[in-house]
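Below is the file entry14.pdb, which contains PDB, C-alpha atoms.
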```pdb
ATOM      1  CA  ARG A   7      61.845 112.314  92.387
ATOM      2  CA  LEU A   8      61.576 115.936  91.255
ATOM      3  CA  GLU A   9      58.655 118.224  91.920
ATOM      4  CA  SER A  10      58.708 121.834  90.744
ATOM      5  CA  GLY A  11      62.480 121.648  90.262
ATOM      6  CA  LEU A  12      63.113 120.595  93.870
ATOM      7  CA  ALA A  13      64.305 117.167  94.921
ATOM      8  CA  VAL A  14      61.744 115.459  97.129
ATOM      9  CA  LEU A  15      62.415 112.261  99.040
ATOM     10  CA  PRO A  16      59.900 109.435  98.797
ATOM     11  CA  PRO A  17      57.618 109.386 101.860
ATOM     12  CA  ASP A  18      59.363 106.362 103.415
ATOM     13  CA  GLU A  19      62.862 107.939 103.321
ATOM     14  CA  ALA A  20      63.998 110.386 105.968
ATOM     15  CA  ALA A  21      66.094 113.359 104.963
ATOM     16  CA  PRO A  22      69.760 112.920 105.871
ATOM     17  CA  SER A  23      70.705 114.837 108.976
ATOM     18  CA  TYR A  24      73.343 117.554 108.997
ATOM     19  CA  ASP A  25      76.553 116.285 110.577
ATOM     20  CA  CYS A  26      78.006 119.207 112.564
ATOM     21  CA  ARG A  27      81.061 117.257 113.672
ATOM     22  CA  ARG A  28      81.914 116.266 110.088
ATOM     23  CA  SER A  29      81.506 119.867 108.908
ATOM     24  CA  PHE A  30      83.677 121.078 111.776
ATOM     25  CA  ALA A  31      86.359 118.510 110.934
ATOM     26  CA  PHE A  32      86.433 119.417 107.240
ATOM     27  CA  SER A  33      86.442 123.169 107.708
ATOM     28  CA  THR A  34      89.011 123.098 110.523
ATOM     29  CA  PHE A  35      91.342 120.764 108.662
ATOM     30  CA  THR A  36      91.066 122.773 105.433
ATOM     31  CA  GLY A  37      91.747 126.106 107.125
ATOM     32  CA  LEU A  38      94.737 124.815 109.052
ATOM     33  CA  TYR A  39      96.192 122.858 106.151
ATOM     34  CA  ILE A  40      95.850 125.535 103.484
ATOM     35  CA  GLY A  41      97.210 128.246 105.751
ATOM     36  CA  GLY A  42      99.838 126.207 107.536
ATOM     37  CA  VAL A  43     101.109 123.824 104.852
ATOM     38  CA  CYS A  44     100.097 125.011 101.381
ATOM     39  CA  THR A  45     101.221 128.617 101.811
ATOM     40  CA  PRO A  46     104.886 127.781 102.559
ATOM     41  CA  LEU A  47     104.916 124.711 100.292
ATOM     42  CA  TYR A  48     103.694 126.605  97.232
ATOM     43  CA  SER A  49     106.514 129.115  97.639
ATOM     44  CA  LEU A  50     108.999 126.248  97.155
ATOM     45  CA  TYR A  51     107.644 125.116  93.789
ATOM     46  CA  PRO A  52     109.057 128.024  91.724
ATOM     47  CA  ARG A  53     112.479 127.363  93.298
ATOM     48  CA  ILE A  54     112.257 123.695  92.349
ATOM     49  CA  ALA A  55     111.390 124.667  88.765
ATOM     50  CA  ALA A  56     114.299 127.147  88.682
ATOM     51  CA  SER A  57     116.705 124.483  89.949
ATOM     52  CA  LEU A  58     115.581 122.066  87.212
ATOM     53  CA  PHE A  59     115.415 124.583  84.360
ATOM     54  CA  ARG A  60     117.648 127.584  83.848
ATOM     55  CA  SER A  61     114.919 130.172  83.307
ATOM     56  CA  PRO A  62     111.562 128.380  83.249
ATOM     57  CA  SER A  63     108.615 129.926  81.452
ATOM     58  CA  PRO A  64     105.366 130.316  83.425
ATOM     59  CA  ASN A  65     104.026 127.165  81.734
ATOM     60  CA  VAL A  66     107.111 125.112  82.635
ATOM     61  CA  SER A  67     107.087 126.441  86.195
ATOM     62  CA  GLY A  68     103.355 125.694  86.394
ATOM     63  CA  ALA A  69     103.878 122.164  85.097
ATOM     64  CA  VAL A  70     106.656 121.485  87.629
ATOM     65  CA  ALA A  71     104.505 122.799  90.487
ATOM     66  CA  THR A  72     101.512 120.776  89.317
ATOM     67  CA  LEU A  73     103.547 117.570  89.046
ATOM     68  CA  CYS A  74     105.227 118.086  92.444
ATOM     69  CA  ASP A  75     101.920 118.792  94.118
ATOM     70  CA  ASN A  76      99.900 115.990  92.553
ATOM     71  CA  PHE A  77     102.480 113.201  92.500
ATOM     72  CA  VAL A  78     104.408 113.899  95.708
ATOM     73  CA  HIS A  79     102.610 116.287  98.071
ATOM     74  CA  VAL A  80      99.025 115.060  97.743
ATOM     75  CA  PRO A  81      99.465 111.275  97.821
ATOM     76  CA  PHE A  82     102.113 111.169 100.532
ATOM     77  CA  LEU A  83     101.402 114.181 102.755
ATOM     78  CA  TYR A  84      97.984 115.741 102.110
ATOM     79  CA  LEU A  85      95.817 112.602 101.893
ATOM     80  CA  PRO A  86      97.286 110.923 105.002
ATOM     81  CA  ALA A  87      96.976 114.234 106.868
ATOM     82  CA  PHE A  88      93.397 114.618 105.609
ATOM     83  CA  TYR A  89      92.182 111.174 106.662
ATOM     84  CA  LEU A  90      94.046 111.185 109.973
ATOM     85  CA  GLY A  91      93.276 114.845 110.775
ATOM     86  CA  THR A  92      89.576 114.814 109.953
ATOM     87  CA  GLY A  93      89.226 111.416 111.632
ATOM     88  CA  ALA A  94      90.804 112.738 114.815
ATOM     89  CA  LEU A  95      88.565 115.816 114.757
ATOM     90  CA  ARG A  96      85.537 113.541 114.377
ATOM     91  CA  GLY A  97      86.676 111.404 117.322
ATOM     92  CA  GLU A  98      87.611 108.257 115.384
ATOM     93  CA  SER A  99      90.049 105.739 116.832
ATOM     94  CA  SER A 100      93.502 105.412 115.267
ATOM     95  CA  ALA A 101      92.441 102.067 113.766
ATOM     96  CA  GLU A 102      89.365 103.690 112.138
ATOM     97  CA  MET A 103      91.484 106.543 110.751
ATOM     98  CA  ALA A 104      94.093 104.154 109.328
ATOM     99  CA  ASP A 105      91.372 101.955 107.825
ATOM    100  CA  GLY A 106      89.704 104.953 106.171
ATOM    101  CA  LEU A 107      93.019 106.012 104.649
ATOM    102  CA  ARG A 108      93.785 102.498 103.439
ATOM    103  CA  ARG A 109      90.336 101.934 101.920
ATOM    104  CA  ASN A 110      90.089 105.330 100.237
ATOM    105  CA  TRP A 111      93.665 106.218  99.273
ATOM    106  CA  ALA A 112      93.652 104.896  95.665
ATOM    107  CA  MET A 113      90.246 106.386  94.820
ATOM    108  CA  SER A 114      91.228 109.677  96.453
ATOM    109  CA  VAL A 115      94.490 109.892  94.489
ATOM    110  CA  ALA A 116      92.722 109.104  91.191
ATOM    111  CA  SER A 117      90.020 111.681  91.916
ATOM    112  CA  CYS A 118      92.644 114.206  92.914
ATOM    113  CA  LEU A 119      94.528 113.770  89.662
ATOM    114  CA  SER A 120      91.420 114.170  87.546
ATOM    115  CA  PHE A 121      90.391 117.352  89.353
ATOM    116  CA  TRP A 122      93.651 119.012  90.405
ATOM    117  CA  LEU A 123      95.968 118.359  87.449
ATOM    118  CA  PRO A 124      94.098 120.755  85.147
ATOM    119  CA  ALA A 125      93.089 123.151  87.939
ATOM    120  CA  GLN A 126      96.592 123.503  89.331
ATOM    121  CA  PHE A 127      98.245 123.800  85.945
ATOM    122  CA  VAL A 128      96.056 126.847  85.313
ATOM    123  CA  ILE A 129      96.640 128.201  88.830
ATOM    124  CA  PHE A 130     100.415 127.664  88.896
ATOM    125  CA  SER A 131     101.048 128.852  85.345
ATOM    126  CA  MET A 132      98.574 131.744  84.985
ATOM    127  CA  VAL A 133      97.701 133.101  88.438
ATOM    128  CA  PRO A 134     100.162 135.504  90.111
ATOM    129  CA  ALA A 135     101.962 133.882  93.061
ATOM    130  CA  ALA A 136     100.286 136.196  95.591
ATOM    131  CA  TYR A 137      96.851 134.812  94.651
ATOM    132  CA  ARG A 138      97.608 131.102  94.200
ATOM    133  CA  VAL A 139      96.714 129.943  97.692
ATOM    134  CA  ARG A 140      93.412 131.856  97.452
ATOM    135  CA  CYS A 141      92.619 130.207  94.115
ATOM    136  CA  VAL A 142      93.478 126.790  95.502
ATOM    137  CA  ALA A 143      91.278 127.476  98.542
ATOM    138  CA  SER A 144      88.364 128.328  96.242
ATOM    139  CA  CYS A 145      88.829 125.150  94.213
ATOM    140  CA  ASP A 146      89.350 123.235  97.441
ATOM    141  CA  PHE A 147      85.706 123.728  98.377
ATOM    142  CA  VAL A 148      84.651 121.688  95.316
ATOM    143  CA  TRP A 149      87.409 119.162  95.947
ATOM    144  CA  ASN A 150      86.368 118.715  99.591
ATOM    145  CA  VAL A 151      82.815 117.898  98.537
ATOM    146  CA  ALA A 152      84.205 115.148  96.287
ATOM    147  CA  LEU A 153      86.648 113.926  98.941
ATOM    148  CA  SER A 154      83.901 113.919 101.557
ATOM    149  CA  PHE A 155      81.800 111.737  99.272
ATOM    150  CA  ILE A 156      84.692 109.318  98.735
ATOM    151  CA  ALA A 157      85.561 109.182 102.431
ATOM    152  CA  HIS A 158      81.985 108.620 103.576
ATOM    153  CA  ARG A 159      80.400 106.565 100.831
ATOM    154  CA  ARG A 160      78.515 103.621 102.182
ATOM    155  CA  GLU A 161      79.307 101.170  99.371
ATOM    156  CA  PRO A 162      82.159 100.942  96.880
ATOM    157  CA  ILE A 163      81.647 102.930  93.704
ATOM    158  CA  SER A 164      80.823 100.311  91.071
ATOM    159  CA  ASP A 165      81.673 102.612  88.143
ATOM    160  CA  ALA A 166      85.312 102.889  89.226
ATOM    161  CA  PRO A 167      87.966 101.469  86.904
ATOM    162  CA  PRO A 168      88.797  97.816  87.749
ATOM    163  CA  ALA A 169      92.244  98.693  89.121
ATOM    164  CA  MET A 170      90.656 100.994  91.695
ATOM    165  CA  MET A 171      88.064  98.452  92.716
ATOM    166  CA  GLN A 172      90.869  95.957  93.393
ATOM    167  CA  ALA A 173      92.794  98.549  95.396
ATOM    168  CA  ASP A 174      89.789  99.057  97.675
ATOM    169  CA  SER A 175      89.465  95.306  98.355
TER     170      SER A 175
END
```
Take the structure in this file and express it as structure tokens.
Amino acid sequence: RLESGLAVLPPDEAAPSYDCRRSFAFSTFTGLYIGGVCTPLYSLYPRIAASLFRSPSPNVSGAVATLCDNFVHVPFLYLPAFYLGTGALRGESSAEMADGLRRNWAMSVASCLSFWLPAQFVIFSMVPAAYRVRCVASCDFVWNVALSFIAHRREPISDAPPAMMQADS
């Protein structure tokens, strides 16, 4: 319920505790991944666009980068690295990490596409190359909140499209 604009829990519900290990895992993974993987990877995207198109415009180059990132990099490199990396940093077993990836992969990819397709098109087509990783890192904070929710939800999201609900089964 709301009182004076602040959310107040009913008296019989305890406030959720702050999970230091989860926060450590997310922040460590994000810092290492953005600095160690995204920085060199994003420098390849303009070269891919130039190899596909003679002299690509910023919008064409941005579209190529966005498509490469969202349909190749994220589903097959980033998301496995995310679930396995954050799981390892939280002390999960390999079976728990693999199960989390399997259960959440489809929902994570769908969420990624809905958030990152428009964000990255703007970033890759309008932001100077020197500032792209910084822009992605800023957007990544919002994305990590969403991904954290998906990865740690207690029950399946019932509002998900039927195809996603089947994928989680």
Written as a CSV table (one decimal) with C-alpha atoms, in the frame of the given file, which residues does the PyMOL selection byres ((chain A and resi 100-108) around 10) give for the file shown?
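Generated output (selection_29.csv):
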```
chain,number,residue,atom,x,y,z
A,85,LEU,CA,95.8,112.6,101.9
A,86,PRO,CA,97.3,110.9,105.0
A,87,ALA,CA,97.0,114.2,106.9
A,88,PHE,CA,93.4,114.6,105.6
A,89,TYR,CA,92.2,111.2,106.7
A,90,LEU,CA,94.0,111.2,110.0
A,91,GLY,CA,93.3,114.8,110.8
A,92,THR,CA,89.6,114.8,110.0
A,93,GLY,CA,89.2,111.4,111.6
A,94,ALA,CA,90.8,112.7,114.8
A,96,ARG,CA,85.5,113.5,114.4
A,97,GLY,CA,86.7,111.4,117.3
A,98,GLU,CA,87.6,108.3,115.4
A,99,SER,CA,90.0,105.7,116.8
A,109,ARG,CA,90.3,101.9,101.9
A,110,ASN,CA,90.1,105.3,100.2
A,111,TRP,CA,93.7,106.2,99.3
A,112,ALA,CA,93.7,104.9,95.7
A,114,SER,CA,91.2,109.7,96.5
A,156,ILE,CA,84.7,109.3,98.7
A,157,ALA,CA,85.6,109.2,102.4
A,158,HIS,CA,82.0,108.6,103.6
A,173,ALA,CA,92.8,98.5,95.4
A,174,ASP,CA,89.8,99.1,97.7
A,175,SER,CA,89.5,95.3,98.4
```
| Given all atoms listed in the file as the counted atoms, nearest of A:Ser23, A:Ser61, A:Asn76, A:Thr36 to Val115 in chain A |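 Answer, going by the shortest atom-to-atom distance: A:Asn76.
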Per-axis box centre and lengths in Å around range 25-31 of chain A, 6 Å margin per side, axis-aligned, as lines of an AutoDock Vina configuration file:
```
center_x = 81.5
center_y = 118.7
center_z = 111.3
size_x = 21.8
size_y = 16.8
size_z = 16.8
```
| request: Select, from A:Gly37, A:Val66, A:Leu95, A:Asp146, the residue with the minimum atom-to-atom distance to Phe127 in chain A, counting all atoms listed in the file. | output: A:Val66
| request: Rank A:Ala152, A:Tyr137, A:Phe77, A:Thr72 by their smallest atom-to-atom distance to Ala125 in chain A, using all atoms listed in the file, and report the top residue only. | output: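 Distance minimum relative to Ala125 in chain A lands on A:Thr72.
Taking CA of Ile40 in chain A and CA of Val142 in chain A as endpoints, the distance between them is 8.4 Å.
The space between CA of Leu38 in chain A and CA of Ala56 in chain A spans 28.3 Å.
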| said: Between CA of Phe30 in chain A and CA of Val43 in chain A, what is the distance in Å, rounded to a tenth? | reply: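 Interatomic distance, CA of Phe30 in chain A to CA of Val43 in chain A: 19.0 Å.
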| said: Between A:Ile54, A:Leu153, A:Ala136, A:Leu83, which residue has the minimum interatomic distance to Tyr39 in chain A, considering all atoms listed in the file? | reply: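 The shortest atom-to-atom distance to Tyr39 in chain A comes from A:Leu83.
Minimum atom-to-atom distances from A:Val151, A:Leu58, A:Val78, A:Ala116 to Ser29 in chain A were compared using all atoms listed in the file, and the lowest value belongs to A:Val151.
If you measure from each of A:Val80, A:Ala31, A:Met113, A:Met132 to Cys44 in chain A using all atoms listed in the file, the closest one turns out to be A:Val80.
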| request: Using all atoms listed in the file, determine which residues lie at most 12 Å from Cys145 in chain A, disregarding the query and same-chain residues fewer than 5 positions distant; provide the list as a PyMOL selection string. | output: chain A and resi 36+40+118+121-126+128-129+138-140+150-152
Can I get the selection written as a PDB file, keeping the file's coordinate frame, with C-alpha atoms?
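Contents of the output file part-v7.pdb:
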```pdb
ATOM      1  CA  THR A  36      91.066 122.773 105.433  1.00  0.00           C
ATOM      2  CA  ILE A  40      95.850 125.535 103.484  1.00  0.00           C
ATOM      3  CA  CYS A 118      92.644 114.206  92.914  1.00  0.00           C
ATOM      4  CA  PHE A 121      90.391 117.352  89.353  1.00  0.00           C
ATOM      5  CA  TRP A 122      93.651 119.012  90.405  1.00  0.00           C
ATOM      6  CA  LEU A 123      95.968 118.359  87.449  1.00  0.00           C
ATOM      7  CA  PRO A 124      94.098 120.755  85.147  1.00  0.00           C
ATOM      8  CA  ALA A 125      93.089 123.151  87.939  1.00  0.00           C
ATOM      9  CA  GLN A 126      96.592 123.503  89.331  1.00  0.00           C
ATOM     10  CA  VAL A 128      96.056 126.847  85.313  1.00  0.00           C
ATOM     11  CA  ILE A 129      96.640 128.201  88.830  1.00  0.00           C
ATOM     12  CA  ARG A 138      97.608 131.102  94.200  1.00  0.00           C
ATOM     13  CA  VAL A 139      96.714 129.943  97.692  1.00  0.00           C
ATOM     14  CA  ARG A 140      93.412 131.856  97.452  1.00  0.00           C
ATOM     15  CA  ASN A 150      86.368 118.715  99.591  1.00  0.00           C
ATOM     16  CA  VAL A 151      82.815 117.898  98.537  1.00  0.00           C
ATOM     17  CA  ALA A 152      84.205 115.148  96.287  1.00  0.00           C
TER      18      ALA A 152
END
```
